[in-house]
Amino acid sequence: MSTTQNIRSWMFRYRSYTPLPFLLAMVVFARPSLVSLCAGFAVVVLGEAIRFWGVSIAGSETRTTGTVGGTYLITTGPFAYVRNPLYVGNMLLYAGVGIMSRALFPWLLLVAVLWFVIQYTLIVLQEEEYLAGHFGEAYAEYRRNVHRFLPRVTPYRDTSPAPKRVSVAEGLASERRTLQAIGVVTLVLIALFVWQSGRA
């Protein structure tokens, strides 16, 4: 395995943990305001809405941390607009937290967004190799019509039957930890805002 493949595999395996240093810094250096909390939380909600829609279709396979894989080629829901809606949702989540906290603003936010663009690009390159090998022309056609990270205005229409439908229960089961983390971070930032306002 080449060095590049090793890096991509490492990025994929630990993709749930690489945000932690940024989130910690965003809390430690937080200087939230009422405006930043409201604006940032709106971005967080948008990011989580995209994620939830995606995992409600793709299911628990999105949580795998071993090797890249996938049972189905999903082209419906948010996947009809962008090939990697969960990663787009993640970037919006982290950007929203950065806006809420105003920690070292805007430099920490810019560094975090740059890091995740690089990380997700490396991960997606590996995932694309798997999808191209397993789904052949169906994936090639989808790839020609739907961008990696830039959403389409209109949904992509696949002529083949959708392999999976939206399941809110499956989405809730898969997103439980993410929703808990959003709640904790939001409450911590609100508490810091109240505390800092009281000291002013």
# chains A, B, ... in the order shown; residues from 1 in each chain; ligands from 1
$ closest_atom_pairs --of "stretch 133-156 of chain A" --to "stretch 89-97 of chain A" --cutoff "12 Å" --atoms "only C-alpha atoms" --output "CSV"
residue,atom,partner,partner_atom,distance
A:Phe149,CA,A:Gly89,CA,10.0
A:Leu150,CA,A:Gly89,CA,11.8
A:Pro151,CA,A:Gly89,CA,11.6
$ write_last_selection --atoms "C-alpha atoms" --output "PDB file, in the first residue's frame"
ATOM      1  CA  PHE A 149     -19.380  18.922  -2.857  1.00  0.00           C
ATOM      2  CA  LEU A 150     -21.203  21.550  -4.931  1.00  0.00           C
ATOM      3  CA  PRO A 151     -24.958  20.850  -4.927  1.00  0.00           C
TER       4      PRO A 151
END
$ select_by_dssp --residues "stretch 41-171 of chain A" --states "alpha helix (DSSP H)" --output "VMD selection string"
chain A and resid 41 to 58 85 to 101 107 to 145 168 to 171
$ atom_distance --atom1 "atom CA of A:Ala80" --atom2 "atom CA of A:Val146"
7.2 Å
$ closest_residue --among "A:Leu187, A:Leu179, A:Leu172, A:Ala58" --to "A:Tyr72" --atoms "only C-alpha atoms"
A:Ala58
$ closest_residue --among "A:Thr154, A:Thr186, A:Val168, A:Gly133" --to "A:Cys38" --atoms "only C-alpha atoms"
A:Thr186
$ residues_around --residues "A:Val124" --least-positions-apart "5" --cutoff "9 Å" --atoms "only C-alpha atoms" --output "list of chain:residue names"
A:Arg8, A:Phe12, A:Asn84, A:Gln119, A:Glu129, A:Arg148
$ write_last_selection --atoms "N, CA and C atoms" --output "PDB file, in the first residue's frame"
ATOM      1  N   ARG A   8      -4.997   8.169   3.190  1.00  0.00           N
ATOM      2  CA  ARG A   8      -6.441   8.181   2.940  1.00  0.00           C
ATOM      3  C   ARG A   8      -7.166   7.204   3.848  1.00  0.00           C
ATOM      4  N   PHE A  12      -9.943   8.145   6.707  1.00  0.00           N
ATOM      5  CA  PHE A  12     -11.273   7.526   6.743  1.00  0.00           C
ATOM      6  C   PHE A  12     -11.534   6.890   8.100  1.00  0.00           C
ATOM      7  N   ASN A  84     -21.741  13.791  -1.865  1.00  0.00           N
ATOM      8  CA  ASN A  84     -21.272  13.562  -0.492  1.00  0.00           C
ATOM      9  C   ASN A  84     -22.001  14.479   0.503  1.00  0.00           C
ATOM     10  N   GLN A 119      -9.200  16.848   4.072  1.00  0.00           N
ATOM     11  CA  GLN A 119      -9.468  15.517   4.599  1.00  0.00           C
ATOM     12  C   GLN A 119     -10.568  14.816   3.804  1.00  0.00           C
ATOM     13  N   GLU A 129     -13.077   5.237  -5.715  1.00  0.00           N
ATOM     14  CA  GLU A 129     -12.451   4.050  -6.308  1.00  0.00           C
ATOM     15  C   GLU A 129     -13.290   2.809  -6.022  1.00  0.00           C
ATOM     16  N   ARG A 148     -19.140  16.448  -6.411  1.00  0.00           N
ATOM     17  CA  ARG A 148     -18.701  15.938  -5.103  1.00  0.00           C
ATOM     18  C   ARG A 148     -19.267  16.750  -3.947  1.00  0.00           C
TER      19      ARG A 148
END
$ residues_around --residues "A:Arg102" --least-positions-apart "4" --cutoff "10 Å" --atoms "only C-alpha atoms" --output "list of chain:residue names"
A:Met26, A:Val27, A:Phe29, A:Ala30, A:Arg31, A:Pro32, A:Ser33, A:Ser36, A:Leu37, A:Gly40, A:Gly96, A:Val97, A:Gly98, A:Pro106, A:Trp107, A:Leu108, A:Leu109
$ write_last_selection --atoms "C-alpha atoms" --output "PDB file, in the first residue's frame"
ATOM      1  CA  MET A  26     -13.595  26.569  19.697  1.00  0.00           C
ATOM      2  CA  VAL A  27     -14.791  26.053  23.276  1.00  0.00           C
ATOM      3  CA  PHE A  29     -11.200  30.311  23.093  1.00  0.00           C
ATOM      4  CA  ALA A  30     -14.939  30.979  22.720  1.00  0.00           C
ATOM      5  CA  ARG A  31     -16.165  34.579  22.743  1.00  0.00           C
ATOM      6  CA  PRO A  32     -19.807  34.077  21.752  1.00  0.00           C
ATOM      7  CA  SER A  33     -22.308  36.869  21.254  1.00  0.00           C
ATOM      8  CA  SER A  36     -23.038  34.708  16.673  1.00  0.00           C
ATOM      9  CA  LEU A  37     -24.976  32.104  18.667  1.00  0.00           C
ATOM     10  CA  GLY A  40     -24.062  29.869  13.953  1.00  0.00           C
ATOM     11  CA  GLY A  96     -21.682  26.739  12.470  1.00  0.00           C
ATOM     12  CA  VAL A  97     -19.906  25.929  15.741  1.00  0.00           C
ATOM     13  CA  GLY A  98     -17.053  28.209  14.701  1.00  0.00           C
ATOM     14  CA  PRO A 106     -12.128  34.073  11.677  1.00  0.00           C
ATOM     15  CA  TRP A 107      -8.733  32.329  11.556  1.00  0.00           C
ATOM     16  CA  LEU A 108      -9.593  29.153  13.488  1.00  0.00           C
ATOM     17  CA  LEU A 109     -12.743  28.735  11.407  1.00  0.00           C
TER      18      LEU A 109
END
$ closest_residue --among "A:Phe105, A:Trp53, A:Phe116, A:Val82" --to "A:Pro155" --atoms "only C-alpha atoms"
A:Val82
$ residues_around --residues "stretch 75-77 of chain A" --least-positions-apart "5" --cutoff "9 Å" --atoms "only C-alpha atoms" --output "ChimeraX atom specification"
/A:53-54,57,82-83,142,155-158,162,164-166
$ closest_residue --among "A:Ala191, A:Ile74, A:Ile118, A:Pro85" --to "A:Pro163" --atoms "only C-alpha atoms"
A:Ile74
$ closest_residue --among "A:Leu125, A:Val185, A:Leu73, A:Ala49" --to "A:Glu141" --atoms "only C-alpha atoms"
A:Leu73
